[in-house]
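So this block is work_9.cif, mmCIF, C-alpha atoms:
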```cif
data_my_file
#
loop_
_atom_site.label_atom_id
_atom_site.label_comp_id
_atom_site.auth_asym_id
_atom_site.auth_seq_id
_atom_site.Cartn_x
_atom_site.Cartn_y
_atom_site.Cartn_z
CA MET A 106 83.84 15.06 245.66
CA ARG A 107 85.51 17.65 247.91
CA LYS A 108 83.11 19.09 250.49
CA THR A 109 83.10 22.86 250.75
CA LEU A 110 82.70 25.06 253.81
CA ALA A 111 79.17 25.83 252.60
CA ASP A 112 78.43 22.09 252.56
CA MET A 113 79.72 21.81 256.12
CA ALA A 114 77.67 24.82 257.24
CA LYS A 115 74.53 23.26 255.74
CA HIS A 116 75.26 20.03 257.57
CA ILE A 117 75.84 21.79 260.90
CA LYS A 118 72.58 23.69 260.43
CA SER A 119 70.80 20.38 259.87
CA ILE A 120 72.16 18.79 263.08
CA ILE A 121 71.55 21.74 265.42
CA LEU A 122 69.04 20.37 267.88
CA PRO A 123 65.46 21.56 267.38
CA GLU A 124 63.77 23.55 270.10
CA ALA A 125 62.72 21.45 273.07
CA LEU A 126 58.94 21.02 273.06
CA GLU A 127 58.70 20.72 276.83
CA ALA A 128 60.34 22.55 279.72
CA TYR A 129 63.10 20.57 281.40
CA ALA A 130 64.97 20.87 284.68
CA ILE A 131 68.53 22.22 284.42
CA ASN A 132 71.62 20.56 285.87
CA PRO A 133 72.48 22.24 289.23
CA LEU A 134 75.91 23.07 287.74
CA PHE A 135 74.32 26.18 286.21
CA GLU A 136 72.24 27.41 289.15
CA ASP A 137 74.73 30.20 289.93
CA ILE A 138 74.50 31.55 286.38
CA ALA A 139 70.73 31.93 285.93
CA ASN A 140 67.39 30.30 286.73
CA ASP A 141 65.93 27.54 284.55
CA LYS A 142 63.56 29.83 282.65
CA ASN A 143 66.29 32.27 281.62
CA ILE A 144 68.61 29.43 280.64
CA HIS A 145 65.87 28.01 278.39
CA LEU A 146 65.54 31.41 276.73
CA GLY A 147 69.32 31.70 276.40
CA VAL A 148 69.67 28.29 274.76
CA PHE A 149 66.86 29.12 272.33
CA ALA A 150 68.53 32.44 271.44
CA PHE A 151 71.93 30.79 270.99
CA ARG A 152 70.38 28.20 268.67
CA THR A 153 69.00 31.03 266.54
CA PHE A 154 72.46 32.63 266.50
CA LEU A 155 74.03 29.36 265.24
CA HIS A 156 71.52 29.29 262.39
CA GLN A 157 72.49 32.87 261.50
CA LEU A 158 76.18 31.95 261.59
CA CYS A 159 75.59 28.99 259.28
CA ASP A 160 73.59 31.18 256.88
CA VAL A 161 76.47 33.68 256.68
CA LEU A 162 78.92 30.85 255.97
CA ILE A 163 76.68 29.40 253.27
CA ILE A 164 76.45 32.76 251.50
CA ASP A 165 80.06 33.93 252.01
CA SER A 166 81.90 30.61 252.29
CA ASN A 167 84.45 31.65 249.64
CA LEU A 168 85.76 34.30 252.05
CA TYR A 169 86.60 31.78 254.75
CA ASP A 170 87.14 28.41 253.04
CA TYR A 171 90.56 27.26 254.28
CA THR A 172 89.87 23.60 253.56
CA LYS A 173 92.91 21.33 253.68
CA ASN A 174 94.26 20.38 250.26
CA LYS A 175 93.86 16.68 251.01
CA ALA A 176 90.64 16.53 252.98
CA ASP A 177 90.11 13.32 254.91
CA GLU A 178 86.78 11.91 253.73
CA HIS A 179 86.51 9.60 256.74
CA LYS A 180 83.22 10.48 258.37
CA SER A 181 84.55 11.14 261.88
CA ALA A 182 87.22 13.56 260.63
CA ALA A 183 84.99 15.79 258.52
CA TYR A 184 84.87 18.68 260.99
CA ALA A 185 88.66 18.87 261.28
CA ASN A 186 88.95 19.36 257.52
CA PHE A 187 87.75 22.95 257.91
CA PRO A 188 90.34 24.77 260.06
CA PHE A 189 88.53 28.11 259.94
CA LEU A 190 85.33 26.64 261.32
CA ASN A 191 87.31 24.82 263.98
CA ASN A 192 88.99 28.11 264.96
CA VAL A 193 85.60 29.84 265.23
CA LYS A 194 84.33 27.08 267.47
CA LYS A 195 87.37 27.31 269.76
CA LEU A 196 87.00 31.09 269.98
CA LEU A 197 83.31 30.78 270.90
CA LEU A 198 84.22 28.19 273.53
CA ASP A 199 86.86 30.43 275.08
CA ILE A 200 84.55 33.45 275.08
CA GLY A 201 81.79 31.42 276.72
CA VAL A 202 83.93 29.62 279.30
CA HIS A 203 86.31 32.43 280.28
CA GLY A 204 84.20 35.52 279.61
CA GLU A 205 82.50 37.11 282.61
CA LEU A 206 78.78 37.87 282.27
CA THR A 207 77.64 41.17 283.72
CA ASP A 208 74.88 40.97 286.33
CA ASN A 209 72.18 41.83 283.79
CA HIS A 210 73.55 39.28 281.27
CA GLN A 211 73.89 42.02 278.64
CA ILE A 212 77.68 41.83 278.12
CA LEU A 213 80.46 39.23 278.24
CA ILE A 214 83.86 40.62 279.23
CA TYR A 215 87.17 38.88 278.53
CA GLY A 216 90.87 39.63 278.07
CA ASN A 217 93.43 39.05 275.31
CA ASP A 218 94.13 35.48 276.47
CA ILE A 219 91.08 34.48 274.45
CA PHE A 220 93.08 34.54 271.20
CA SER A 221 94.99 31.50 269.97
CA ASN A 222 98.75 31.99 269.85
CA LYS A 223 98.87 29.37 267.11
CA LEU A 224 96.91 31.60 264.73
CA SER A 225 98.03 34.74 262.95
CA THR A 226 96.40 38.06 263.83
CA THR A 227 94.60 37.97 260.48
CA LYS A 228 93.03 34.57 261.15
CA ASN A 229 91.95 35.58 264.64
CA LEU A 230 90.35 38.71 263.20
CA ASP A 231 88.64 36.67 260.48
CA CYS A 232 86.96 34.60 263.20
CA LEU A 233 85.78 37.77 264.95
CA GLN A 234 84.55 39.15 261.62
CA LEU A 235 82.35 36.10 261.03
CA LEU A 236 80.88 36.41 264.52
CA THR A 237 80.29 40.13 263.85
CA ASP A 238 78.56 39.34 260.56
CA SER A 239 76.38 36.92 262.53
CA GLY A 240 75.21 39.58 265.01
CA MET A 241 77.87 39.87 267.73
CA HIS A 242 79.57 43.15 268.58
CA PHE A 243 83.11 43.47 269.98
CA ASP A 244 84.00 46.64 271.86
CA GLY A 245 87.72 47.14 272.49
CA ILE A 246 89.15 45.92 269.19
CA ASP A 247 89.15 47.43 265.70
CA LEU A 248 88.61 44.64 263.19
CA SER A 249 89.64 46.88 260.28
CA VAL A 250 93.22 47.12 261.57
CA LYS A 251 94.92 44.02 260.22
CA ARG A 252 98.32 44.80 261.73
CA GLN A 253 97.95 44.97 265.49
CA LYS A 254 99.22 43.13 268.54
CA LEU A 255 96.35 41.27 270.10
CA SER A 256 98.51 40.65 273.17
CA GLU A 257 98.38 44.40 273.92
CA LEU A 258 94.60 44.49 274.18
CA GLU A 259 93.36 44.63 277.76
CA THR A 260 89.59 44.15 277.81
CA ILE A 261 87.08 43.23 275.14
CA LYS A 262 83.34 43.49 275.69
CA VAL A 263 81.03 41.23 273.70
CA SER A 264 77.41 42.15 273.17
CA PHE A 265 74.57 40.96 270.96
CA PRO A 266 72.38 44.02 270.38
CA ASP A 267 69.50 42.20 268.65
CA ASN A 268 69.06 39.71 271.50
CA PRO A 269 71.45 39.89 274.48
CA THR A 270 70.09 36.55 275.77
CA VAL A 271 72.38 34.90 273.19
CA LEU A 272 75.31 35.57 275.53
CA LEU A 273 73.72 33.61 278.38
CA GLY A 274 73.08 30.71 276.00
CA LEU A 275 76.68 30.85 274.79
CA LYS A 276 77.96 30.83 278.36
CA VAL A 277 75.85 27.83 279.35
CA MET A 278 76.55 25.76 276.24
CA ALA A 279 80.30 26.47 276.36
CA ILE A 280 80.51 25.35 279.98
CA ALA A 281 78.44 22.28 279.05
CA GLU A 282 80.95 21.32 276.36
CA GLU A 283 83.86 21.76 278.77
CA LYS A 284 82.35 19.92 281.75
CA LEU A 285 79.45 17.73 280.64
CA LYS A 286 80.25 16.29 277.22
CA GLU A 287 80.36 12.52 277.10
CA HIS A 288 83.73 12.21 275.37
CA ARG A 289 86.46 14.27 273.75
CA PHE A 290 84.72 14.69 270.39
CA HIS A 291 81.18 15.34 271.59
CA ASN A 292 80.42 18.67 269.89
CA VAL A 293 77.97 20.17 272.38
CA LEU A 294 78.42 23.82 271.42
CA MET A 295 77.92 23.80 267.65
CA ARG A 296 75.00 21.39 267.92
CA CYS A 297 73.44 23.45 270.72
CA ASP A 298 73.03 20.07 272.39
CA TYR A 299 70.80 21.18 275.27
CA ARG A 300 70.28 17.54 276.28
CA VAL A 301 73.56 17.53 278.23
CA ILE A 302 72.43 20.39 280.49
CA LYS A 303 69.26 18.58 281.56
CA ALA A 304 69.07 17.34 285.12
CA GLU A 305 67.87 13.94 283.87
CA LYS A 306 69.42 11.93 281.05
CA THR A 307 67.56 11.96 277.73
CA ASP A 308 66.16 8.67 276.43
CA VAL A 309 68.04 7.58 273.30
CA VAL A 310 64.79 7.40 271.29
CA PHE A 311 64.56 11.21 271.40
CA VAL A 312 68.08 11.42 269.96
CA LEU A 313 67.04 8.99 267.23
CA LYS A 314 63.93 11.04 266.41
CA ASP A 315 66.04 14.21 266.06
CA ILE A 316 68.39 12.43 263.65
CA ILE A 317 65.73 11.06 261.32
CA LYS A 318 63.54 14.17 261.11
CA PRO A 319 64.83 15.06 257.59
CA LEU A 320 63.63 11.68 256.28
CA SER A 321 60.15 10.90 254.94
CA THR A 322 57.42 9.92 257.36
CA ASP A 323 57.39 6.34 256.06
CA VAL A 324 61.14 5.94 256.58
CA GLN A 325 60.93 7.51 260.05
CA ASP A 326 58.20 5.04 261.01
CA PHE A 327 60.27 2.14 259.65
CA VAL A 328 63.36 3.18 261.63
CA LEU A 329 61.36 3.59 264.86
CA GLN A 330 59.80 0.16 264.34
CA LEU A 331 63.28 -1.32 263.91
CA HIS A 332 64.38 0.46 267.06
CA GLN A 333 61.54 -0.93 269.15
CA LEU A 334 61.84 -4.41 267.62
CA HIS A 335 65.46 -4.72 268.69
CA LEU A 336 64.83 -3.33 272.15
CA ASP A 337 62.05 -5.91 272.56
CA ASN A 338 64.56 -8.57 271.54
CA GLY A 339 66.96 -7.58 274.29
CA LEU A 340 69.50 -5.44 272.42
CA ASN A 341 71.11 -2.44 274.10
CA CYS A 342 70.94 0.93 272.38
CA GLU A 343 73.25 3.92 272.78
CA ALA A 344 73.87 7.18 270.95
CA ARG A 345 77.44 8.06 270.00
CA ILE A 346 77.78 11.74 269.08
CA TRP A 347 81.01 13.00 267.50
CA ASP A 348 81.89 16.28 265.79
CA SER A 349 79.59 16.15 262.77
CA TRP A 350 78.71 12.46 262.99
CA ILE A 351 76.02 10.64 264.97
CA LYS A 352 75.58 6.92 265.37
CA ILE A 353 72.80 5.02 267.11
CA LYS A 354 74.37 1.67 267.98
CA TYR A 355 72.52 -1.55 268.82
CA SER A 356 74.47 -4.29 270.53
CA ARG A 357 74.19 -7.45 272.53
CA GLY A 358 76.69 -7.31 275.35
CA LYS A 359 79.87 -5.86 273.81
CA ARG A 360 79.06 -7.07 270.30
CA GLU A 361 77.60 -4.51 267.92
CA ILE A 362 74.79 -5.87 265.77
CA TRP A 363 73.79 -2.88 263.67
CA GLY A 364 73.61 0.90 263.69
CA ILE A 365 72.22 4.06 262.07
CA ASN A 366 74.76 6.70 261.05
CA THR A 367 74.58 10.21 259.66
CA SER A 368 77.55 12.35 258.63
CA VAL A 369 78.44 15.26 256.35
CA ASN A 370 80.25 13.03 253.85
CA ARG A 371 77.99 9.99 253.75
CA GLY A 372 74.53 11.21 254.65
CA PHE A 373 72.30 8.53 256.21
CA GLN A 374 73.40 4.92 256.48
CA ILE A 375 72.22 1.74 258.14
CA SER A 376 75.17 -0.51 258.92
CA VAL A 377 74.74 -4.18 259.72
CA LYS A 378 77.49 -6.43 261.03
CA ALA A 379 76.45 -9.51 259.11
CA ALA A 380 77.23 -12.82 260.82
CA ASN A 381 76.24 -16.44 260.19
CA THR A 382 75.11 -15.42 256.72
CA GLU A 383 75.16 -19.05 255.57
CA LYS A 384 72.03 -19.62 257.67
CA TYR A 385 70.08 -17.05 255.68
CA ALA A 386 71.18 -17.78 252.11
CA ASP A 387 67.59 -17.91 250.80
CA GLU A 388 66.76 -14.47 252.24
CA ILE A 389 70.04 -12.91 251.09
CA GLU A 390 69.39 -14.15 247.57
CA LYS A 391 66.39 -11.78 247.45
CA PHE A 392 68.55 -8.72 248.19
CA PRO A 393 69.81 -6.28 245.52
CA LEU A 394 73.10 -7.31 243.87
CA ALA A 395 75.07 -4.44 245.44
CA LEU A 396 73.97 -5.46 248.92
CA LYS A 397 74.75 -9.13 248.28
CA LYS A 398 78.29 -8.17 247.23
CA MET A 399 78.78 -6.17 250.42
CA ILE A 400 77.61 -9.10 252.55
CA ALA A 401 79.93 -11.47 250.68
CA GLN A 402 82.92 -9.16 251.22
CA GLY A 403 82.21 -8.76 254.93
CA TYR A 404 81.15 -5.75 256.99
CA GLY A 405 83.33 -2.69 257.22
CA CYS A 406 83.27 1.05 256.61
CA GLY A 407 86.42 2.17 258.42
CA ARG A 408 89.61 3.69 257.03
CA LYS A 409 91.11 0.33 256.03
CA LYS A 410 88.00 -1.32 254.66
CA ASN A 411 86.59 1.90 253.17
#
```

Can you present the structure in this file as structure tokens?
Amino acid sequence: MRKTLADMAKHIKSIILPEALEAYAINPLFEDIANDKNIHLGVFAFRTFLHQLCDVLIIDSNLYDYTKNKADEHKSAAYANFPFLNNVKKLLLDIGVHGELTDNHQILIYGNDIFSNKLSTTKNLDCLQLLTDSGMHFDGIDLSVKRQKLSELETIKVSFPDNPTVLLGLKVMAIAEEKLKEHRFHNVLMRCDYRVIKAEKTDVVFVLKDIIKPLSTDVQDFVLQLHQLHLDNGLNCEARIWDSWIKIKYSRGKREIWGINTSVNRGFQISVKAANTEKYADEIEKFPLALKKMIAQGYGCGRKKN
């Protein structure tokens, strides 16, 4: 079934990192922007803003749903199927990275180079309208004028009247996505992935716990037991975070053994790269028929194997 923008907004809201329970030291990269305490407050405020943005999209998704006609259901491409949301993210990134914070952190100031030349004026304004509906205010541009040359604008001032600290959080998280993300598709900004701005690397078990929070207590306990069991047996564990997809991968050397995935299209999955199955025929015979068929066909959930 085709996923809607509202579906995507619900998924993003579910993968926004929860508030950190303990204070953490901030990467020295940000020491010229603000002290640790203010950055913590800014990240918390920005997280709240992302929840507001998702709520607006869920309610008014029909106004912005520019989903591609042939959406790619492959789990790693889900985010790119929603051009409007992608445009909003890019605009937020540019505002955060290139905008200049005033000394009191109350306003972000930027020029007209913030707008994408690949988008029409209408689509750029639609992005600004969503951000406005989510609590931001833009001084220097009239969003009601659909026919205007954005290249002629000189200075735009961004504020967030309800909680100006949002702007500091946006600035920090945008810089984090540009300079600290682990790979090209690591979506730091829209996840409010504060872990990347920490001075010390986060243990993968905390990433795992964040992922499985929506599951029942029994299932969470089972997953954590599996996690510890395989660490005790010498497997390596790493978190791979892509746009709207997360995978906890367990491997021995370079060979992946199994993993836990969650994505907008497929929900939660445990994937096992079954090998030497002939040694465990008696155990496999006890499995449900659907699982036995999958094992017989061989592992695979990529584009070719579906």

Applied to the shown file, which residues does the PyMOL selection byres ((chain A and resi 357-371) around 8) return, written as a PDB file with C-alpha atoms, keeping the file's coordinate frame?
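expr_28.pdb was written with the following content:
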```
ATOM      1  CA  LYS A 108      83.110  19.090 250.490  1.00  0.00           C
ATOM      2  CA  ASP A 112      78.430  22.090 252.560  1.00  0.00           C
ATOM      3  CA  MET A 113      79.720  21.810 256.120  1.00  0.00           C
ATOM      4  CA  HIS A 116      75.260  20.030 257.570  1.00  0.00           C
ATOM      5  CA  GLU A 178      86.780  11.910 253.730  1.00  0.00           C
ATOM      6  CA  HIS A 179      86.510   9.600 256.740  1.00  0.00           C
ATOM      7  CA  LYS A 180      83.220  10.480 258.370  1.00  0.00           C
ATOM      8  CA  SER A 181      84.550  11.140 261.880  1.00  0.00           C
ATOM      9  CA  ALA A 183      84.990  15.790 258.520  1.00  0.00           C
ATOM     10  CA  ILE A 316      68.390  12.430 263.650  1.00  0.00           C
ATOM     11  CA  GLY A 339      66.960  -7.580 274.290  1.00  0.00           C
ATOM     12  CA  LEU A 340      69.500  -5.440 272.420  1.00  0.00           C
ATOM     13  CA  ASN A 341      71.110  -2.440 274.100  1.00  0.00           C
ATOM     14  CA  SER A 349      79.590  16.150 262.770  1.00  0.00           C
ATOM     15  CA  TRP A 350      78.710  12.460 262.990  1.00  0.00           C
ATOM     16  CA  ILE A 351      76.020  10.640 264.970  1.00  0.00           C
ATOM     17  CA  LYS A 352      75.580   6.920 265.370  1.00  0.00           C
ATOM     18  CA  ILE A 353      72.800   5.020 267.110  1.00  0.00           C
ATOM     19  CA  LYS A 354      74.370   1.670 267.980  1.00  0.00           C
ATOM     20  CA  TYR A 355      72.520  -1.550 268.820  1.00  0.00           C
ATOM     21  CA  SER A 356      74.470  -4.290 270.530  1.00  0.00           C
ATOM     22  CA  GLY A 372      74.530  11.210 254.650  1.00  0.00           C
ATOM     23  CA  PHE A 373      72.300   8.530 256.210  1.00  0.00           C
ATOM     24  CA  GLN A 374      73.400   4.920 256.480  1.00  0.00           C
ATOM     25  CA  ILE A 375      72.220   1.740 258.140  1.00  0.00           C
ATOM     26  CA  SER A 376      75.170  -0.510 258.920  1.00  0.00           C
ATOM     27  CA  VAL A 377      74.740  -4.180 259.720  1.00  0.00           C
ATOM     28  CA  LYS A 378      77.490  -6.430 261.030  1.00  0.00           C
ATOM     29  CA  ALA A 379      76.450  -9.510 259.110  1.00  0.00           C
TER      30      ALA A 379
END
```

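Closest approach to His291 in chain A among A:Lys194, A:Ala386, A:Asn140, A:Asp348 is made by A:Asp348 (distances from only C-alpha atoms).
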
* Using only C-alpha atoms, determine which residues lie at most 12 Å from Leu155 in chain A, disregarding the query and same-chain residues fewer than 4 positions distant; provide the list as a VMD selection string. => chain A and resid 114 to 115 117 to 123 148 to 151 159 to 162 193 to 194 197 235 to 236 238 to 241 271 274 to 275 278 294 to 298

Evaluated on this file, the PyMOL selection byres ((chain A and resi 249) around 12) picks out some residues - which ones are they, written as a compact mmCIF listing (two decimals) with C-alpha atoms, in the coordinates of the input?
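Wrote it out as out-v4.txt, contents follow:
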```
# COMPACT_ATOMS: atom_id res chain seq x y z
CA THR A 226 96.40 38.06 263.83
CA THR A 227 94.60 37.97 260.48
CA LEU A 230 90.35 38.71 263.20
CA ASP A 231 88.64 36.67 260.48
CA LEU A 233 85.78 37.77 264.95
CA GLN A 234 84.55 39.15 261.62
CA ILE A 246 89.15 45.92 269.19
CA ASP A 247 89.15 47.43 265.70
CA LEU A 248 88.61 44.64 263.19
CA VAL A 250 93.22 47.12 261.57
CA LYS A 251 94.92 44.02 260.22
CA ARG A 252 98.32 44.80 261.73
CA GLN A 253 97.95 44.97 265.49
```

Enumerate, as a PyMOL selection string, the residues matched when the PyMOL selection byres ((chain A and resi 304-311) around 12) is run on the file above. chain A and resi 122-123+125-126+128-136+141+285+287+298-303+312-318+325+328-333+336+341-346+351-355

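Using all atoms listed in the file, the nearest neighbour of Lys228 in chain A within the list A:Leu168, A:Thr270, A:Ile212, A:Gln402 is A:Leu168.
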